[in-house]
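Quick notes on the structure that follows.
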Amino acid sequence: MSEGSAIEVNGRRYAPPRAPVVVVCVDGCEPDYLDRAVEHGAMPWLGAARAAGTSLVGDCVMPSFTNPNNLSIVTGAPPSVHGISGNYFWDPQAGVEVMMNDPKYLRAETLLARLAAAGATVAVVTAKDKLRRLLGHGLKGICFSSEKADETTETEHGIADALRFVGRPLPSVYSADLSEFVFAAGVRLMETRRPDVMYLSTTDYVQHKHAPGTPAADAFYRMMDRYLARLDALGAIIVLTADHGMNAKTDAAGRPRVVYLQDFLDAWLGEGRARVILPITDPYVVHHGALGSFATIHLERPADVAPVVQRLRDTPGVMGVWDRAEGCARFELPPDRVGDVILVGDRHTTLGKSPDAHDLSLLTEPLRSHGGPTEETVPFIINRPLSAAYAASAGGLLRNFDMFDFVLNGAE
């Protein structure tokens, strides 16, 4: 990619990378995790990088889940543009509830694909395979997951036998090792392939189990800090953000706090009149039981929308309720991908269907989850300062999907 050949993607212009750029999306990274880890001496590199570079906080997109936010970061746009409104949704055309991990649901080009098409070398490593096809859509480059690193081929993933290439055993999907594999792969790629742009996306297994400042959380961030320091030593411009934060979703005794919406609506409206969709739903439910703080409701009768909105607003634990038009305008969501009603739980409350729809028997720690506005705040860190001209022009609310703009157009 030649210098000066800026590209435009989804209405934003980006300069070509002047040095290798590594954008890291740390799944579930409430900024307090970083603050506590730095205070406890677990992240010496990050402490120095924040002091010498750019250290801010911003907001993620709603719902504060993995798929919509990773796709917002790589498209530079909200879900209303790229179309990914959750991990899971009701497809009215097919008449089924489905995972939203097929590229056919993506409505916008990614910056990663455009950079590669313009001649930049691009690599993507994700923890879970659910994101790989979305992030790698249209990408001519390397794109694989830790979860299935033993299945990679040159044709499909841009690299054969990634497991042997990284030199680590295949990690369990329910482990901190799944994220460490991402960082180890990133360092190995930088040492051997030196991509112009690399996107690394981890898993929030640790954050679902451990609060900021706890020994297990600090151990995870200490591991991360070591790999970031190695990438920095290799000359990379490192960008750190998150897809969402994380909060305890329990009462004072540590029991999960849940508003069971399907039971409530069935008892009030009658069975079959409402369909509750929980966009947090994915194949990896052991650490959250498909309980998050965002839900949408599809109603059989349009006349039920206003009374449902009003009644749910009076429900303890519910932070906000909107009809489709209001909710989509507020949260920049695609109207055809959400229900007639949109609602969010408060800081310590999740939204579910019914008790028998959520298996919480595998939880080994008190429930921690995300999805609502109380998990919107995310770190916004670059190991370089911003140019004076860019810093003067940048203003207003920062979003995690501004990251590529900041690093390509603003970092010194």
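If you're wondering about the labels, chains in the structure tokens are A, B, ... by order shown, residues count from 1 in each chain, ligands from 1 in order shown.
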* To do: Skip segment 91-100 of chain A itself and residues of its chain fewer than 6 positions away, then list as a ChimeraX atom specification all residues within 9 Å of it, counting only C-alpha atoms.
  => /A:67,84-85,106,130,277,279,281-283,336-337
* To do: Would you mind writing down, as a ChimeraX atom specification, each residue of segment 65-288 of chain A that DSSP on the backbone assigns to helix (DSSP H, G or I)?
  => /A:66-75,79-82,103-105,111-117,132-135,149-151,154-157,162-166,177-192,205-209,215-233,261-269
* Asked: Of the candidates A:Ala253, A:Leu265, A:Ala216, A:Cys29, which one gets nearest to Ser369 of chain A if we count only C-alpha atoms?
  -> A:Cys29
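Here atom CA of Arg193 of chain A and atom CA of Glu109 of chain A stand 24.6 Å from one another.
Across A:Asn69, A:Met190, A:Ser80, A:Pro302, the tightest approach to Leu135 of chain A is made by A:Asn69 when counting only C-alpha atoms.
Near Met223 of chain A, within a cut-off of 10 Å and counting only C-alpha atoms, sit the residues Ala42, Met43, Ala176, Ser179, Glu180 and Phe183 of chain A, with same-chain residues fewer than 6 positions away left out.
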Write the residues of the selection above to a file with C-alpha atoms, as a PDB file, in the first residue's frame.
```pdb
ATOM      1  CA  ALA A  42       1.025  -6.473  37.005  1.00  0.00           C
ATOM      2  CA  MET A  43       1.215  -4.306  33.865  1.00  0.00           C
ATOM      3  CA  ALA A 176      -7.470 -18.036  29.772  1.00  0.00           C
ATOM      4  CA  SER A 179      -6.679 -15.602  24.828  1.00  0.00           C
ATOM      5  CA  GLU A 180      -2.994 -16.235  25.464  1.00  0.00           C
ATOM      6  CA  PHE A 183      -1.331 -12.969  21.822  1.00  0.00           C
TER       7      PHE A 183
END
```
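With atom CA of Asp304 of chain A on one side and atom CA of Ser354 of chain A on the other, the separation reads 20.4 Å.
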Name the residues in contact with segment 290-296 of chain A at a cut-off of 7 Å, using only C-alpha atoms, excluding same-chain residues fewer than 3 positions from it; report them as a PDB file with C-alpha atoms, in the first residue's frame.
```
ATOM      1  CA  PRO A  63     -25.916  -3.979  22.808  1.00  0.00           C
ATOM      2  CA  VAL A 276     -38.139 -12.952  23.825  1.00  0.00           C
ATOM      3  CA  ILE A 277     -34.742 -12.817  22.101  1.00  0.00           C
ATOM      4  CA  LEU A 278     -31.533 -12.608  24.145  1.00  0.00           C
ATOM      5  CA  PRO A 279     -28.767 -11.376  21.804  1.00  0.00           C
ATOM      6  CA  ILE A 280     -26.014 -12.555  24.198  1.00  0.00           C
ATOM      7  CA  THR A 281     -26.832 -16.144  23.224  1.00  0.00           C
ATOM      8  CA  VAL A 285     -22.827 -20.312  27.714  1.00  0.00           C
ATOM      9  CA  VAL A 338     -34.557  -6.302  16.551  1.00  0.00           C
ATOM     10  CA  GLY A 339     -37.971  -6.838  18.113  1.00  0.00           C
ATOM     11  CA  VAL A 341     -39.640  -3.726  22.172  1.00  0.00           C
ATOM     12  CA  ILE A 342     -36.059  -3.137  23.319  1.00  0.00           C
ATOM     13  CA  LEU A 343     -35.076  -3.195  26.979  1.00  0.00           C
ATOM     14  CA  VAL A 344     -31.977  -3.154  29.178  1.00  0.00           C
ATOM     15  CA  GLY A 345     -31.314  -4.315  32.718  1.00  0.00           C
ATOM     16  CA  THR A 349     -29.630  -7.279  36.719  1.00  0.00           C
ATOM     17  CA  THR A 350     -29.818  -9.611  33.728  1.00  0.00           C
ATOM     18  CA  LEU A 351     -32.749 -10.393  31.446  1.00  0.00           C
ATOM     19  CA  GLY A 352     -33.762 -13.987  30.776  1.00  0.00           C
ATOM     20  CA  HIS A 358     -30.958 -21.053  31.579  1.00  0.00           C
ATOM     21  CA  SER A 369     -22.193 -10.418  32.623  1.00  0.00           C
ATOM     22  CA  HIS A 370     -22.840  -7.503  30.255  1.00  0.00           C
ATOM     23  CA  GLY A 371     -25.103  -6.182  27.521  1.00  0.00           C
ATOM     24  CA  GLY A 372     -26.508  -2.918  28.862  1.00  0.00           C
TER      25      GLY A 372
END
```
* Name the residues in contact with Asn400 of chain A at a cut-off of 7 Å, using only C-alpha atoms, excluding same-chain residues fewer than 2 positions from it; report them as a PyMOL selection string. => chain A and resi 58-60+73+241+398+402-403
Write out, as a PDB file, in the first residue's frame, the residues just selected, with N, CA, C and O atoms.
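Result file out_30.pdb:
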```pdb
ATOM      1  N   GLY A  58     -13.706   5.422  26.230  1.00  0.00           N
ATOM      2  CA  GLY A  58     -14.771   5.695  25.279  1.00  0.00           C
ATOM      3  C   GLY A  58     -15.944   4.782  25.544  1.00  0.00           C
ATOM      4  O   GLY A  58     -15.986   4.095  26.574  1.00  0.00           O
ATOM      5  N   ASP A  59     -16.875   4.762  24.628  1.00  0.00           N
ATOM      6  CA  ASP A  59     -18.052   3.903  24.743  1.00  0.00           C
ATOM      7  C   ASP A  59     -18.024   2.842  23.656  1.00  0.00           C
ATOM      8  O   ASP A  59     -17.568   3.089  22.530  1.00  0.00           O
ATOM      9  N   CYS A  60     -18.529   1.666  24.004  1.00  0.00           N
ATOM     10  CA  CYS A  60     -18.760   0.655  22.986  1.00  0.00           C
ATOM     11  C   CYS A  60     -20.134   0.897  22.365  1.00  0.00           C
ATOM     12  O   CYS A  60     -20.816   1.862  22.717  1.00  0.00           O
ATOM     13  N   ILE A  73     -15.860  -2.043  15.315  1.00  0.00           N
ATOM     14  CA  ILE A  73     -14.455  -1.624  15.307  1.00  0.00           C
ATOM     15  C   ILE A  73     -13.853  -1.774  13.915  1.00  0.00           C
ATOM     16  O   ILE A  73     -13.161  -0.881  13.425  1.00  0.00           O
ATOM     17  N   THR A 241      -8.451  -1.577  23.003  1.00  0.00           N
ATOM     18  CA  THR A 241      -9.814  -1.214  23.364  1.00  0.00           C
ATOM     19  C   THR A 241     -10.542  -2.482  23.783  1.00  0.00           C
ATOM     20  O   THR A 241      -9.925  -3.521  24.030  1.00  0.00           O
ATOM     21  N   LEU A 398     -16.071   9.587  22.385  1.00  0.00           N
ATOM     22  CA  LEU A 398     -15.240   8.587  21.742  1.00  0.00           C
ATOM     23  C   LEU A 398     -15.971   7.252  21.726  1.00  0.00           C
ATOM     24  O   LEU A 398     -16.602   6.864  22.705  1.00  0.00           O
ATOM     25  N   ASP A 402     -13.982   4.246  16.716  1.00  0.00           N
ATOM     26  CA  ASP A 402     -13.121   5.336  16.246  1.00  0.00           C
ATOM     27  C   ASP A 402     -11.650   4.944  16.262  1.00  0.00           C
ATOM     28  O   ASP A 402     -10.798   5.724  15.839  1.00  0.00           O
ATOM     29  N   MET A 403     -11.336   3.758  16.772  1.00  0.00           N
ATOM     30  CA  MET A 403      -9.946   3.392  17.012  1.00  0.00           C
ATOM     31  C   MET A 403      -9.069   3.419  15.761  1.00  0.00           C
ATOM     32  O   MET A 403      -7.959   3.938  15.776  1.00  0.00           O
TER      33      MET A 403
END
```
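Nearest-residue note for Asn101 of chain A: choosing from A:Asn383, A:Asn10, A:Asn87, A:Thr377, the minimum distance belongs to A:Asn87, counting only C-alpha atoms.
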Out of segment 114-169 of chain A, which residues get strand (DSSP E) from DSSP, as a compact mmCIF listing (two decimals) with C-alpha atoms, in the first residue's frame?
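The file below, part-v3.txt, is the result:
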```txt
# COMPACT_ATOMS: atom_id res chain seq x y z
CA VAL A 122 -3.43 -7.99 7.07
CA ALA A 123 -3.72 -10.65 9.76
CA VAL A 124 -6.60 -11.44 12.12
CA VAL A 125 -6.53 -13.79 15.10
CA THR A 126 -9.65 -14.35 17.18
CA ILE A 142 -4.45 -14.43 7.38
CA CYS A 143 -7.52 -15.05 9.54
CA PHE A 144 -7.88 -17.87 12.07
CA SER A 145 -9.09 -18.59 15.60
```
* In Å, how far is it from atom CA of Asp323 of chain A to atom CA of His298 of chain A? -> 10.5 Å
* Asked: Which residue, A:Ala162, A:Leu261, A:Val187, A:Ala127, has the smallest gap to Arg226 of chain A when you use only C-alpha atoms?
  -> A:Val187
